[in-house]
Structure formats: structure tokens, C-alpha cells
Amino acid sequence: MHFFSSSFKLGILGGGQLGKMLLYETRKWDIYTKVMDASDEAPCRIACNEFIKGSLLDFDAVYNFGKDVDVLTIEIENVNVDALEKLEQEGIKVFPPTKALRTIQNKATQKLFYTDHDIPTAPFTRFAYTSEISDSVANGGLRFPFVWKSAQFGYDGQGVKVVRKIEDLEGLPNVECIAEEMVNFKNELAVIVTRNEEGEVVTYPVVEMEFHPEANQVEYVICPARIDSEVSKKAQEVALRVSESIGHVGLLAVEMFQTQDDEILVNEVAPRPHNSGHYSIEASYTNQFEQHIRAVLGLPLGKTGSKVAGVMVNLVGAEGYTGNVVYENMETILNMEGVTPHIYGKSQTRPFRKMGHVTIVDENMARAREIAQEVKQTIKVISDKS
Ligand code: ADP
């Protein structure tokens, strides 16, 4: 099949920033794209060839969208999988495959998959409804603290809450969920594994993530992770095992905890480009977005090593500001060495909304990390009125 400057159509479900960055690559290679998103203001709109407005969870919308493309991929997991399954049966190539997506989409199913496949993960209990948790606490089946996670539709920490006392359960939605043992981790790590249909597999270096304590969003992603080589090797091995068992095609970002005893526990996976791989645009031989396109088209995979040390800072909306976005002090950070900002194209900011990111590269990791801190202290995502 010819992909380049041809009638081939790549469909992408979801039109957010991950899709927009995928489109930098399809534009680079002149691959025709069709994107669907529920919002008229989706960041992808400016860069795709065709844009369809529609709900990603609606069977008919997804089915009708997918019928018209040759290969269908996603930039968000919350899509109608029944429609994808039908498209797959009708011969459309769907990557990640529906089976893998079904396992991943529901956190309870995902966790059960790990236990079934001997993949190390934190112990957990599944509940059909949040309201059932208090009984379990009362009869001693569950002990504080634990981490409540909504089984479905959680994103960017919104479906996650640390529960230290019974009152912390108040206000949580009464949905299918898991209660997971709290891990006293040393580090949060991630490895992006890429696989094409022919079974060629490559892994990116282990990255280290630092989270904002309140927002539960990544503050810095550091590549390579500043961990010893044994831990790094173990993390790569675990990530490869997850990838092999799940049988995805395309990227699979594997998020892990490094425990105090240097064990690796899988937290969760995402079968798509991931925040932990944004650094690769500036720092790697092949960035994660190009790699995903290569994988879903069955092309040879690219080299995953880094050319320089990379640190990524998320640009999230500052607290206290909602409205038309203003990026304050852009000129100042553009004066710093090795700094590249990415602006996602969302006109409205609100507290903790992901609005962009900045990558800092340097031959020296310590220097990159220092500049990253300066960037973080300098740039502010605010609105024109508070
Ligand atoms: P999301 O799907 O919203 O990204 P995660 O499951 O990755 O949710 O959880 C968000 C963050 O919450 C994690 O990155 C980690 O910092 C913290 N967290 C999640 N599970 C645990 C756990 N079992 N123990 C301690 N912290 C956790």
C-alpha cells in the first residue's frame, strides 16, 4: 500500500494535543488524515485534512467515521469499542486492536489482566459500586490508606483519590471502581514500547516522572531516568512483558512504580502517544509520534535512543484563572538555552488544564533539569481576566 501523497486515509479518533502532534508527522510525510472529535475547537482541526464533529462514545458516529478510512487509530482510550470491533471484523485495520483496548479501557479489567499474567502490580479489590467500599472497610476487608480509582473514564488524575478515612469517600461517584493498596514509591517511571503488526518491537529509555502533589499531574518528565542501571533494566523487562501479553500495535506507554525495595510495579498503560514521551520530539532520534505512525502503518520502526538529555515541563492552567488564555513570559523562556515550548491551541484555560508543554534539552542532564526549573518558575498560563 502507498501511504505517501496517495489516496490512503489514516483515521484518528480524538482531536486533542496528542492528535495534533501526530499530525505534525503525517504532514511531514504527506499522509492524508481524517480526525473525529466532539469539540469544534479541537486542537487537531488546523492540521488534519478532514475533520468530523462527533461523539467518540457513540456507536454510529465511530462506525460511520471508521468505515471511510484504511487504518484507524486513537489518541484517547475513551472511544466506542463495539464500533471498533465491527470495523475490525469488516476489514478496517484498527490499532490498537480492539481486544487490547477492551482490556485497557477499564482499570479493573486492566488490573485483573496483570494478575492473570503474573505482571507485578499493587494489590487491589474491585467493587461494582463505590458505595460497597464502606462495608468492606467496616468488616476489616480493606484498610486505610488506599487509592480509589474509577474503573472507567478517569483521566489526568481525575478518577483517582487517596482515601485515608471513611469521609474521604464522600462525594465520589458511585461507579465501578478499584481500591488499590497505596504504594510508598521511590520513583514513578515509564517506558514506551512500540510494536508493529509484524511483531517488530522497540523500547524507549526509562523516564522518570515527578507529579504535582495536588493536581496529580506530571510536573517534570526526565529522560533518561536518574536511576541505577539494574532498576532501569528491570523496568524495561517488565514493560516488554506487558507489551507482549497485551498484544498491542502502535505505542504502549507503561507507567510503573519503583518501590523502596527497587521492585517494579505496573501502575497503568496507555496504548497511544503519552505525556511521558513528549521529550522525544526534541531529544530522540525518532519521536514517539513518528514512531506510532510507523507502527500502525507497518513500516520499519525508528531508533529510540536519545541525542541529548531531555526534561519536559507540562504547562497547565494556573489556579485562579479561567477564560481566554495568556502565556505570560514566553519571551523570557525563549531566551533560555535549549528550550522549546509547545502550545496546544486551546483558547480557554482553567486550573490544571493541560495547555502545552516545554521541552528542555542539553548535553548535561543536571543543566537541563536546572533550566527546566527556571522555565517552570517563569512561564505562567493565565487568562486575560481573573
Ligand atoms: P490516571 O489514569 O488519572 O493517570 P493513575 O492511576 O496514573 O491515574 O494515578 C495518578 C497518580 O496517582 C499516579 O501517577 C500516582 O502519582 C498516584 N497513584 C496512583 N496509584 C497509586 C498507588 N497505588 N499508590 C500511590 N500512589 C498512586
# chains A, B, ... in the order shown; residues from 1 in each chain; ligands from 1
$ residues_near_ligand --ligand "ligand 1" --cutoff "10 Å" --atoms "only C-alpha atoms and all ligand atoms" --output "number ranges by chain"
A: 107, 121-124, 145-162, 179-185, 187-189, 209-218, 255-257, 265-270
$ residues_around --residues "Met36 of chain A" --least-positions-apart "3" --cutoff "10 Å" --atoms "only C-alpha atoms" --output "list in words"
Gly11, Ile12, Leu13, Gly14, Gly15, Gly16, Ser39, Asp40, Ala42, Cys44, Arg45, Cys48, Glu50, Phe51, Ile52, Lys53, Gly54, Ser55, Leu56, Ala61, Val62, Phe65, Gly66 and Ile74 of chain A
$ residues_around --residues "Gly141 of chain A" --least-positions-apart "3" --cutoff "12 Å" --atoms "only C-alpha atoms" --output "PyMOL selection string"
chain A and resi 124-125+132-138+144+146+179
$ atom_distance --atom1 "atom CA of Ala100 of chain A" --atom2 "atom CA of Val71 of chain A"
16.3 Å
$ select_by_dssp --residues "segment 97-150 of chain A" --states "helix (DSSP H, G or I)" --output "list in words"
Thr98, Lys99, Ala100, Leu101, Arg102, Thr103, Ile104, Gln105, Lys107, Ala108, Thr109, Gln110, Lys111, Leu112, Phe113, Tyr114, Thr115, Asp116, Thr130, Ser131, Glu132, Ile133, Ser134, Asp135, Ser136, Val137 and Ala138 of chain A
$ residues_around --residues "Ile222 of chain A" --least-positions-apart "5" --cutoff "7 Å" --atoms "only C-alpha atoms" --output "PyMOL selection string"
chain A and resi 207-209+310-312
$ write_last_selection --atoms "N, CA, C and O atoms" --output "mmCIF file, in the first residue's frame"
data_model
loop_
_atom_site.group_PDB
_atom_site.id
_atom_site.type_symbol
_atom_site.label_atom_id
_atom_site.label_comp_id
_atom_site.auth_asym_id
_atom_site.auth_seq_id
_atom_site.Cartn_x
_atom_site.Cartn_y
_atom_site.Cartn_z
ATOM 1 N N VAL A 207 11.972 6.703 31.559
ATOM 2 C CA VAL A 207 11.877 8.090 32.013
ATOM 3 C C VAL A 207 11.359 8.116 33.446
ATOM 4 O O VAL A 207 10.732 7.171 33.908
ATOM 5 N N GLU A 208 11.642 9.223 34.086
ATOM 6 C CA GLU A 208 11.284 9.412 35.496
ATOM 7 C C GLU A 208 10.253 10.533 35.519
ATOM 8 O O GLU A 208 10.411 11.535 34.821
ATOM 9 N N MET A 209 9.218 10.363 36.330
ATOM 10 C CA MET A 209 8.172 11.378 36.360
ATOM 11 C C MET A 209 8.039 11.969 37.753
ATOM 12 O O MET A 209 8.071 11.238 38.734
ATOM 13 N N GLY A 310 16.838 15.141 28.067
ATOM 14 C CA GLY A 310 15.606 15.904 27.871
ATOM 15 C C GLY A 310 14.789 15.993 29.153
ATOM 16 O O GLY A 310 14.704 15.026 29.904
ATOM 17 N N VAL A 311 14.243 17.165 29.400
ATOM 18 C CA VAL A 311 13.316 17.326 30.518
ATOM 19 C C VAL A 311 12.074 18.019 29.965
ATOM 20 O O VAL A 311 12.182 18.964 29.180
ATOM 21 N N MET A 312 10.916 17.529 30.343
ATOM 22 C CA MET A 312 9.672 18.101 29.854
ATOM 23 C C MET A 312 8.873 18.666 31.016
ATOM 24 O O MET A 312 8.756 18.042 32.062
#
$ residues_around --residues "segment 2-4 of chain A" --least-positions-apart "2" --cutoff "8 Å" --atoms "only C-alpha atoms" --output "PyMOL selection string"
chain A and resi 6-9+29-31
$ write_last_selection --atoms "C-alpha atoms" --output "mmCIF file, in the first residue's frame"
data_model
loop_
_atom_site.group_PDB
_atom_site.id
_atom_site.type_symbol
_atom_site.label_atom_id
_atom_site.label_comp_id
_atom_site.auth_asym_id
_atom_site.auth_seq_id
_atom_site.Cartn_x
_atom_site.Cartn_y
_atom_site.Cartn_z
ATOM 1 C CA SER A 6 -1.676 8.986 -2.089
ATOM 2 C CA SER A 7 -5.370 8.225 -1.559
ATOM 3 C CA PHE A 8 -4.582 6.297 1.642
ATOM 4 C CA LYS A 9 -6.541 7.623 4.639
ATOM 5 C CA TRP A 29 5.141 12.600 5.249
ATOM 6 C CA ASP A 30 2.086 13.894 3.393
ATOM 7 C CA ILE A 31 -0.237 11.227 4.722
#
$ residues_around --residues "segment 244-250 of chain A" --least-positions-apart "5" --cutoff "8 Å" --atoms "only C-alpha atoms" --output "PyMOL selection string"
chain A and resi 95-97+100+103+117+194-197+271-272+291-293+295-296
$ write_last_selection --atoms "N, CA and C atoms" --output "short mmCIF file (atom, residue, chain, number, x, y, z; two decimals), in the first residue's frame"
data_model
loop_
_atom_site.label_atom_id
_atom_site.label_comp_id
_atom_site.auth_asym_id
_atom_site.auth_seq_id
_atom_site.Cartn_x
_atom_site.Cartn_y
_atom_site.Cartn_z
N PHE A 95 -5.81 -0.01 15.16
CA PHE A 95 -4.64 -0.12 16.04
C PHE A 95 -4.69 0.98 17.09
N PRO A 96 -4.68 0.67 18.39
CA PRO A 96 -4.52 -0.66 18.98
C PRO A 96 -5.70 -1.56 18.64
N PRO A 97 -5.46 -2.89 18.56
CA PRO A 97 -6.55 -3.82 18.29
C PRO A 97 -7.62 -3.73 19.37
N ALA A 100 -7.08 -5.50 22.78
CA ALA A 100 -6.15 -4.83 23.70
C ALA A 100 -6.83 -3.62 24.33
N THR A 103 -9.21 -4.49 27.18
CA THR A 103 -8.50 -4.82 28.42
C THR A 103 -8.07 -3.55 29.14
N HIS A 117 -1.62 -12.51 34.33
CA HIS A 117 -0.41 -12.73 33.52
C HIS A 117 0.88 -12.59 34.33
N THR A 194 7.05 0.10 21.53
CA THR A 194 6.35 0.21 20.24
C THR A 194 6.43 -1.12 19.52
N ARG A 195 5.31 -1.49 18.91
CA ARG A 195 5.22 -2.79 18.24
C ARG A 195 4.48 -2.59 16.93
N ASN A 196 4.97 -3.20 15.85
CA ASN A 196 4.17 -3.15 14.62
C ASN A 196 3.52 -4.51 14.39
N GLU A 197 2.70 -4.60 13.35
CA GLU A 197 1.91 -5.81 13.13
C GLU A 197 2.80 -7.03 12.88
N PRO A 271 -2.33 2.88 25.36
CA PRO A 271 -1.93 2.37 24.05
C PRO A 271 -1.93 3.45 22.98
N ARG A 272 -1.15 4.48 23.19
CA ARG A 272 -1.18 5.68 22.33
C ARG A 272 -0.01 6.57 22.73
N GLN A 291 6.98 7.47 15.54
CA GLN A 291 7.08 6.03 15.82
C GLN A 291 5.69 5.38 15.78
N HIS A 292 4.70 6.05 16.33
CA HIS A 292 3.34 5.49 16.32
C HIS A 292 2.84 5.34 14.88
N ILE A 293 3.09 6.37 14.08
CA ILE A 293 2.67 6.31 12.67
C ILE A 293 3.38 5.15 11.97
N ALA A 295 4.48 2.46 13.29
CA ALA A 295 3.98 1.17 13.78
C ALA A 295 2.60 0.84 13.20
N VAL A 296 1.68 1.80 13.20
CA VAL A 296 0.32 1.46 12.75
C VAL A 296 0.26 1.29 11.23
#
$ residues_around --residues "Arg350 of chain A" --least-positions-apart "3" --cutoff "9 Å" --atoms "only C-alpha atoms" --output "list in words"
Val316, Gly317, Ala318, Glu319, Gly320, Tyr321, Thr322, Gly323, Val325, Arg353, Lys354, Ile382 and Ser383 of chain A
$ closest_residue --among "A:Leu299, A:Leu84, A:Val206, A:Ile371" --to "Arg226 of chain A" --atoms "only C-alpha atoms"
A:Val206
$ closest_residue --among "A:Asn49, A:Asn64, A:Asn329, A:Ser347" --to "Glu374 of chain A" --atoms "only C-alpha atoms"
A:Asn329
$ closest_residue --among "A:Ala372, A:Val361, A:Met355, A:Ile178" --to "Asn324 of chain A" --atoms "only C-alpha atoms"
A:Met355
